[in-house]
Number of protein chains: 2
Amino acid sequence: MKKVALIMAGGRGERFWPKSRQTMPKQFLALTDSGKTMIQLTVDRISPLVEREDIYISTNRDYKKLVMEQLPQIPEENIICEPVGRNTAPCIGLGAIHMAEKYGDAVMLVLPSDHLIKNTPIFLNTLEDASQTAEQGENLVTVGITPDAPETGYGYIQFSPDQMLGRAYRVDHFVEKPDLDTAKEYVASGKYLWNSGMFIWKISTILDNLKEYLPVVYDGLMRIRESMNAENGQKVLETVFQQLPDESIDYGVMEKAKNIYILGGAFGWDDVGSWLAVGRLQKSNEFGNVISGNAVTVDTRNSIIQGGNKLIATVGLQNIIIVDTEDALLVCDKGSAGNIKKVLENLKICNRNEYL
Amino acid sequence: MKKVALIMAGGRGERFWPKSRQTMPKQFLALTDSGKTMIQLTVDRISPLVEREDIYISTNRDYKKLVMEQLPQIPEENIICEPVGRNTAPCIGLGAIHMAEKYGDAVMLVLPSDHLIKNTPIFLNTLEDASQTAEQGENLVTVGITPDAPETGYGYIQFSPDQMLGRAYRVDHFVEKPDLDTAKEYVASGKYLWNSGMFIWKISTILDNLKEYLPVVYDGLMRIRESMNAENGQKVLETVFQQLPDESIDYGVMEKAKNIYILGGAFGWDDVGSWLAVGRLQKSNEFGNVISGNAVTVDTRNSIIQGGNKLIATVGLQNIIIVDTEDALLVCDKGSAGNIKKVLENLKICNRNEYL
């Protein structure tokens with residue numbers, strides 16, 4: 001069966017502030033040594049498996065221009081613009097009806113645009129295996145990551161190691177971000193994988209499941225689909241999509257549906273969740289510093305310096321993140337990277353939206 | 001006897017980099033809450049004691065424009081421009097011959113332009129007392145600061161507590177920056193004061209002493225003085241001054257001369273020697289942060305943030321100095337403020353003079 005991909009690129013992440021902004025989210029930033037942006041790497045990665053004309057980008061309409069600039073090889077009609085963000089279920093549903101119109105049915109790969117995969121061949125093999133499981137009946141397939149620490153920032157998926165279909169395991173249930181003790185139990189049990197946000201299914205399967213578990217979303221999607229090629233198509237999209245409920249595919253569908261399967265992804269995965277990831281993903285110098293831009297460091301270790309033309313001089317620092325942009329500078333202790341969002345909260349409270 | 005002042009403003013300090021530059025030394029920076037620059041504060045401070053037309057500014061010719069901008073009340077002819085820096089003895093000598101031409105003799109107050117005095121009335125009384133001692137014969141008078149810690153960055157002056165002239169003590173000798181153990185002994189002995197770099201003497205006295213202890217400097221000064229009002233005066237100044245030896249008044253004259261006296265300065269003194277001083281001198285907020293500019297701080301304590309229009313956001317910092325300028329940013333641990341000079345050394349080595 002033909003494979004088509006929906007790359008979800010509507011996120012507005014705040015954790016790479018001040019480089020990421022509402023007008024420039026993480027998926028459009030170059031955060032690795034490659035010089036390519038996260039979404040460019042994502043498209044490059046699946047190109048051996050999916051033809052470029054079968055790759056769709058789902059994004060907020062505010063980012064259409066960025067997508068076109070960064071991915072000139074993707075046909076403009078494959079850029080699906082959400083009028084507003086309504087979480088992953090409406091997003092995936094909107095992608096699915098576009099694909100249903102064009103292909104009838106196909107295997108649909110749903111992929112985040114802002115994660116990093118270290119081993120592309122293993123990644124592609126995993127997607128191939130997942131596709132086979134997806135084709136064998138009405139299965140919803142996902143890819144899980146073997147936890148290497150009791151992270152409390154990820155969702156977990158419990159599976160049955162002894163119930164396989166092809167190379168996939170049957171899923172027991174999805175768990176939202178657990179507390180630390182629970183996360184430790186999960187990791188120790190060997191029966192949990194991290195939720196990577198990747199999904200593989202037939203277009204027909206996901207639409208059937210949306211109909212069953214999220215009927216309001218489904219009905220809205222059908223109304224949008226009916227007018228899709230009509231003159232008022234855009235207007236209907238705007239009106240109807242706006243009214244759809246905010247639902248994630250994980251808890252709106254996956255948690256409730258039958259026939260959920262998961263494959264372990266052994267391809268080296270990083271969700272690039274904060275500036276700390278840049279310390280892992282980019283080359284560091286002999287003092288453990290990851291530097292881009294114009295820097296002079298004195299007695300500085302294990303720090304991350306991301307600047308531009310301005311000279312950044314550091315003296316006597318350890319474990320500090322410095323990110324300099326045209327209009328805003330961040331200086332943050334590595335141990336406090338999770339609190340960068342507090343800066344944005346402060347800015348919102350003070351109505352300083354120009355920095356968001 | 002009339003009082004005249006020579007404010008020495010030729011310094012090229014590096015310790016306030018990146019705000020201080022070769023083109024913008026510390027004395028021209030506003031480092032206190034007053035908004036006035038160090039040299040403006042210095043002139044304001046002595047104004048009750050010395051008429052504005054009797055205040056001279058000695059500086060490098062590169063800074064003449066800055067002096068005129070910051071001190072419009074000082075007559076242009078009172079700005080004495082050194083063609084090159086040759087340390088304090090030639091600098092003071094050049095001032096002295098200008099003053100001798102105009103006044104014949106007078107009491108000459110020599111003052112640094114970049115220190116902070118907390119209590120101006122006590123300061124002025126101290127200078128009055130010093131002037132009286134200077135007038136009583138051929139005395140060279142200085143003002144010392146009672147050490148409150150065994151600082152190794154200052155010169156020390158040993159005095160005889162039982163030999164007074166007016167309100168001044170007889171000086172035994174000048175000591176260059178001591179090591180820590182020696183400094184501790186000095187402080188414990190009660191017989192040492194810090195060298196503040198302030199001098200009070202008659203014009204005739206300092207010229208006589210230069211003649212005796214630094215005859216090469218003196219002869220050069222006399223050659224400059226002879227041509228001072230001639231057409232080739234500027235040319236003679238440039239040629240001769242260039243050839244003068246680099247000599248400090250402390251070790252070239254004060255260490256060797258007789259009749260040296262010192263007064264204790266109980267007016268609250270700060271040499272504003274590094275960014276740490278800004279933490280002492282400017283108001284801090286409830287978290288111990290001293291902030292100027294546009295900042296959002298999260299979990300940040302005891303830090304110094306000096307910026308401009310750019311937003312500076314800090315997260316999880318303690319004891320960090322952040323100084324942001326148009327073309328250069330410094331991020332420095334407070335404990336390493338003494339190593340800022342290493343940044344400048346690196347820049348020199350790499351020939352990046354635009355940042356010096």
# chains A, B, ... in the order shown; residues from 1 in each chain; ligands from 1
call {"tool": "residues_around", "arguments": {"residues": "range 93-109 of chain B", "least_positions_apart": "2", "cutoff": "9 Å", "atoms": "only C-alpha atoms", "output": "PyMOL selection string"}}
result
chain B and resi 1-7+54+56-58+78+80+82+88-91+111+127+131+134-135+198-204+206-207+210+217-218+221-222+224-225+228
call {"tool": "write_last_selection", "arguments": {"atoms": "N, CA and C atoms", "output": "compact mmCIF listing (two decimals), in the first residue's frame"}}
result
# COMPACT_ATOMS: atom_id res chain seq x y z
N MET B 1 46.13 81.14 50.65
CA MET B 1 46.63 80.98 49.27
C MET B 1 45.54 80.40 48.38
N LYS B 2 45.53 80.80 47.15
CA LYS B 2 44.52 80.32 46.19
C LYS B 2 44.65 78.80 46.02
N LYS B 3 43.51 78.18 45.79
CA LYS B 3 43.50 76.73 45.54
C LYS B 3 43.14 76.46 44.09
N VAL B 4 43.93 75.61 43.46
CA VAL B 4 43.62 75.16 42.09
C VAL B 4 43.62 73.64 42.09
N ALA B 5 42.90 73.07 41.16
CA ALA B 5 42.79 71.61 41.14
C ALA B 5 43.21 71.05 39.79
N LEU B 6 43.91 69.93 39.84
CA LEU B 6 44.23 69.17 38.63
C LEU B 6 43.56 67.80 38.75
N ILE B 7 42.59 67.58 37.90
CA ILE B 7 41.89 66.29 37.92
C ILE B 7 42.49 65.41 36.84
N ASP B 54 39.42 77.57 37.92
CA ASP B 54 40.69 77.10 38.49
C ASP B 54 40.78 75.57 38.52
N TYR B 56 41.45 72.28 36.48
CA TYR B 56 42.11 71.80 35.26
C TYR B 56 41.85 70.30 35.12
N ILE B 57 41.70 69.89 33.89
CA ILE B 57 41.53 68.46 33.61
C ILE B 57 42.74 68.02 32.79
N SER B 58 43.45 67.04 33.30
CA SER B 58 44.56 66.48 32.54
C SER B 58 44.09 65.18 31.91
N ASN B 78 41.54 75.01 30.05
CA ASN B 78 41.90 74.27 31.26
C ASN B 78 42.00 72.76 31.02
N ILE B 80 44.12 70.03 29.74
CA ILE B 80 45.52 69.84 29.39
C ILE B 80 45.66 68.46 28.74
N GLU B 82 47.68 65.48 27.19
CA GLU B 82 48.95 64.80 27.00
C GLU B 82 48.96 64.16 25.62
N THR B 88 52.04 59.29 36.08
CA THR B 88 51.56 60.47 36.80
C THR B 88 52.58 61.59 36.97
N ALA B 89 53.88 61.28 37.01
CA ALA B 89 54.85 62.37 37.26
C ALA B 89 54.86 63.38 36.10
N PRO B 90 55.06 62.95 34.86
CA PRO B 90 54.98 63.92 33.76
C PRO B 90 53.60 64.58 33.67
N CYS B 91 52.56 63.83 33.95
CA CYS B 91 51.19 64.36 33.89
C CYS B 91 51.02 65.51 34.88
N LEU B 111 43.80 65.31 41.96
CA LEU B 111 42.74 64.36 42.30
C LEU B 111 42.48 63.37 41.17
N LEU B 127 40.58 68.17 52.55
CA LEU B 127 41.41 68.90 51.59
C LEU B 127 41.83 70.27 52.15
N SER B 131 45.57 71.36 52.67
CA SER B 131 46.08 72.59 52.06
C SER B 131 46.86 73.40 53.08
N ALA B 134 50.14 71.87 53.47
CA ALA B 134 50.95 72.10 52.27
C ALA B 134 51.53 73.51 52.25
N GLU B 135 50.75 74.46 52.77
CA GLU B 135 51.20 75.85 52.75
C GLU B 135 52.30 76.13 53.75
N MET B 198 45.63 60.94 45.86
CA MET B 198 45.35 62.39 45.96
C MET B 198 46.57 63.08 46.54
N PHE B 199 46.92 64.24 45.99
CA PHE B 199 48.09 64.97 46.45
C PHE B 199 47.77 66.44 46.57
N ILE B 200 48.38 67.04 47.60
CA ILE B 200 48.14 68.46 47.85
C ILE B 200 49.50 69.10 48.14
N TRP B 201 49.84 70.13 47.37
CA TRP B 201 51.12 70.81 47.53
C TRP B 201 51.04 72.16 46.85
N LYS B 202 52.04 72.98 47.13
CA LYS B 202 52.13 74.21 46.37
C LYS B 202 52.72 73.88 45.00
N ILE B 203 52.34 74.66 43.99
CA ILE B 203 52.90 74.45 42.65
C ILE B 203 54.42 74.51 42.73
N SER B 204 54.92 75.50 43.47
CA SER B 204 56.37 75.67 43.58
C SER B 204 57.02 74.45 44.24
N ILE B 206 56.01 71.21 44.26
CA ILE B 206 56.11 70.00 43.42
C ILE B 206 57.13 70.22 42.31
N LEU B 207 57.21 71.46 41.78
CA LEU B 207 58.21 71.69 40.73
C LEU B 207 59.63 71.55 41.31
N LEU B 210 60.29 67.86 41.67
CA LEU B 210 60.54 67.22 40.37
C LEU B 210 61.98 67.52 39.93
N VAL B 217 62.65 64.62 33.78
CA VAL B 217 61.27 65.07 33.60
C VAL B 217 61.21 66.59 33.74
N TYR B 218 61.87 67.10 34.76
CA TYR B 218 61.84 68.54 35.01
C TYR B 218 62.40 69.34 33.82
N LEU B 221 59.98 69.40 31.08
CA LEU B 221 58.87 70.30 31.38
C LEU B 221 59.27 71.76 31.15
N MET B 222 60.50 72.10 31.54
CA MET B 222 60.95 73.49 31.36
C MET B 222 61.04 73.84 29.88
N ILE B 224 59.19 72.53 27.56
CA ILE B 224 57.80 72.70 27.12
C ILE B 224 57.27 74.06 27.57
N ARG B 225 57.60 74.43 28.81
CA ARG B 225 57.08 75.69 29.34
C ARG B 225 57.60 76.91 28.57
N MET B 228 55.64 77.32 25.50
CA MET B 228 54.20 77.15 25.71
C MET B 228 53.35 78.16 24.96
call {"tool": "closest_atom_pairs", "arguments": {"of": "chain A", "to": "chain B", "cutoff": "10 Å", "atoms": "only C-alpha atoms", "output": "tab-separated table"}}
result
residue	atom	partner	partner_atom	distance
A:Trp17	CA	B:Ala313	CA	9.9
A:Pro18	CA	B:Ala313	CA	9.0
A:Asn294	CA	B:Ala328	CA	9.5
A:Ala295	CA	B:Leu329	CA	9.3
A:Val296	CA	B:Val343	CA	6.6
A:Thr297	CA	B:Val343	CA	7.4
A:Val298	CA	B:Val343	CA	6.6
A:Asp299	CA	B:Ser336	CA	8.7
A:Thr300	CA	B:Cys332	CA	9.3
A:Asn309	CA	B:Asp327	CA	8.0
A:Lys310	CA	B:Asp327	CA	5.1
A:Leu311	CA	B:Ala328	CA	4.5
A:Ile312	CA	B:Leu329	CA	4.8
A:Ala313	CA	B:Leu330	CA	4.8
A:Thr314	CA	B:Val331	CA	4.8
A:Val315	CA	B:Cys332	CA	4.5
A:Gly316	CA	B:Asp333	CA	5.3
A:Leu317	CA	B:Asp333	CA	5.9
A:Gln318	CA	B:Asp333	CA	8.9
A:Ile320	CA	B:Leu317	CA	8.6
A:Ile321	CA	B:Val315	CA	9.5
A:Ile322	CA	B:Val331	CA	8.5
A:Val323	CA	B:Ala313	CA	9.8
A:Asp324	CA	B:Leu329	CA	9.0
A:Thr325	CA	B:Lys310	CA	9.1
A:Glu326	CA	B:Lys310	CA	7.8
A:Asp327	CA	B:Lys310	CA	5.1
A:Ala328	CA	B:Leu311	CA	4.5
A:Leu329	CA	B:Ile312	CA	4.8
A:Leu330	CA	B:Ala313	CA	4.8
A:Val331	CA	B:Thr314	CA	4.8
A:Cys332	CA	B:Val315	CA	4.5
A:Asp333	CA	B:Gly316	CA	5.2
A:Lys334	CA	B:Gly316	CA	8.3
A:Gly335	CA	B:Gly316	CA	7.6
A:Ser336	CA	B:Gly316	CA	5.4
A:Ala337	CA	B:Val315	CA	7.6
A:Gly338	CA	B:Val315	CA	9.3
A:Asn339	CA	B:Val315	CA	6.8
A:Ile340	CA	B:Val315	CA	6.6
A:Lys341	CA	B:Val315	CA	9.7
A:Lys342	CA	B:Val298	CA	6.9
A:Val343	CA	B:Val296	CA	6.6
A:Leu344	CA	B:Val296	CA	9.3
A:Asn346	CA	B:Val296	CA	7.5
A:Leu347	CA	B:Val296	CA	7.9
A:Tyr355	CA	B:Leu311	CA	8.2
call {"tool": "residues_around", "arguments": {"residues": "Gly252 in chain B", "least_positions_apart": "5", "cutoff": "8 Å", "atoms": "only C-alpha atoms", "output": "PyMOL selection string"}}
result
chain B and resi 89+213-214+247
call {"tool": "residues_around", "arguments": {"residues": "range 142-153 of chain A", "least_positions_apart": "2", "cutoff": "6 Å", "atoms": "only C-alpha atoms", "output": "list in words"}}
result
Lys177, Pro178, Asp179, Leu180, Ala183, Lys184, Leu193, Trp194, Asn195, Ser196, Met198, Phe199, Ile200, Ile262, Leu263, Gly264 and Gly265 of chain A
call {"tool": "residues_around", "arguments": {"residues": "Leu41 in chain A", "least_positions_apart": "6", "cutoff": "12 Å", "atoms": "only C-alpha atoms", "output": "JSON, numbers by chain"}}
result
{"A": [7, 27, 28, 29, 30, 31, 32, 33, 34, 35, 47, 70, 71, 112, 113, 114, 115, 116, 117, 118, 120]}
call {"tool": "write_last_selection", "arguments": {"atoms": "C-alpha atoms", "output": "PDB file, in the first residue's frame"}}
result
ATOM      1  CA  ILE A   7       4.431  16.088   9.471  1.00  0.00           C
ATOM      2  CA  GLN A  27      10.681  23.215  14.347  1.00  0.00           C
ATOM      3  CA  PHE A  28      11.971  26.070  12.206  1.00  0.00           C
ATOM      4  CA  LEU A  29      15.231  26.503  14.161  1.00  0.00           C
ATOM      5  CA  ALA A  30      18.612  24.958  13.337  1.00  0.00           C
ATOM      6  CA  LEU A  31      19.580  23.406  16.657  1.00  0.00           C
ATOM      7  CA  THR A  32      22.120  20.813  15.516  1.00  0.00           C
ATOM      8  CA  ASP A  33      25.548  21.063  13.935  1.00  0.00           C
ATOM      9  CA  SER A  34      23.994  20.175  10.554  1.00  0.00           C
ATOM     10  CA  GLY A  35      22.834  23.724   9.980  1.00  0.00           C
ATOM     11  CA  SER A  47      12.441  11.016   1.965  1.00  0.00           C
ATOM     12  CA  GLN A  70      12.423  26.021   4.440  1.00  0.00           C
ATOM     13  CA  LEU A  71      10.884  23.233   2.356  1.00  0.00           C
ATOM     14  CA  PRO A 112       6.435  15.304  14.809  1.00  0.00           C
ATOM     15  CA  SER A 113       8.549  17.943  13.072  1.00  0.00           C
ATOM     16  CA  ASP A 114      10.798  18.828  15.980  1.00  0.00           C
ATOM     17  CA  HIS A 115      12.407  15.628  17.268  1.00  0.00           C
ATOM     18  CA  LEU A 116      15.836  14.312  16.467  1.00  0.00           C
ATOM     19  CA  ILE A 117      16.536  10.785  15.224  1.00  0.00           C
ATOM     20  CA  LYS A 118      20.120   9.623  15.312  1.00  0.00           C
ATOM     21  CA  THR A 120      17.880   7.043   9.999  1.00  0.00           C
TER      22      THR A 120
END
call {"tool": "select_by_dssp", "arguments": {"residues": "range 37-207 of chain B", "states": "strand (DSSP E)", "output": "MDAnalysis selection string"}}
result
chainID B and resid 55:60 79:82 107:112 116:117 140:145 156:165 168:175 192:202
call {"tool": "atom_distance", "arguments": {"atom1": "CA of Tyr63 in chain B", "atom2": "CA of Asn351 in chain B"}}
result
22.8 Å
call {"tool": "closest_residue", "arguments": {"among": "A:Val236, A:Val171, A:Ile305, A:Cys350", "to": "Gly220 in chain A", "atoms": "only C-alpha atoms"}}
result
A:Val236
call {"tool": "closest_residue", "arguments": {"among": "B:Tyr261, B:Tyr251, B:Tyr192, B:Phe16", "to": "Tyr156 in chain B", "atoms": "only C-alpha atoms"}}
result
B:Tyr192
call {"tool": "select_by_dssp", "arguments": {"residues": "range 69-275 of chain B", "states": "alpha helix (DSSP H)", "output": "ChimeraX atom specification"}}
result
/B:69-70,88-103,120-135,180-189,203-213,215-227,233-243,249,275
call {"tool": "atom_distance", "arguments": {"atom1": "CA of Leu66 in chain A", "atom2": "CA of Arg86 in chain A"}}
result
20.3 Å
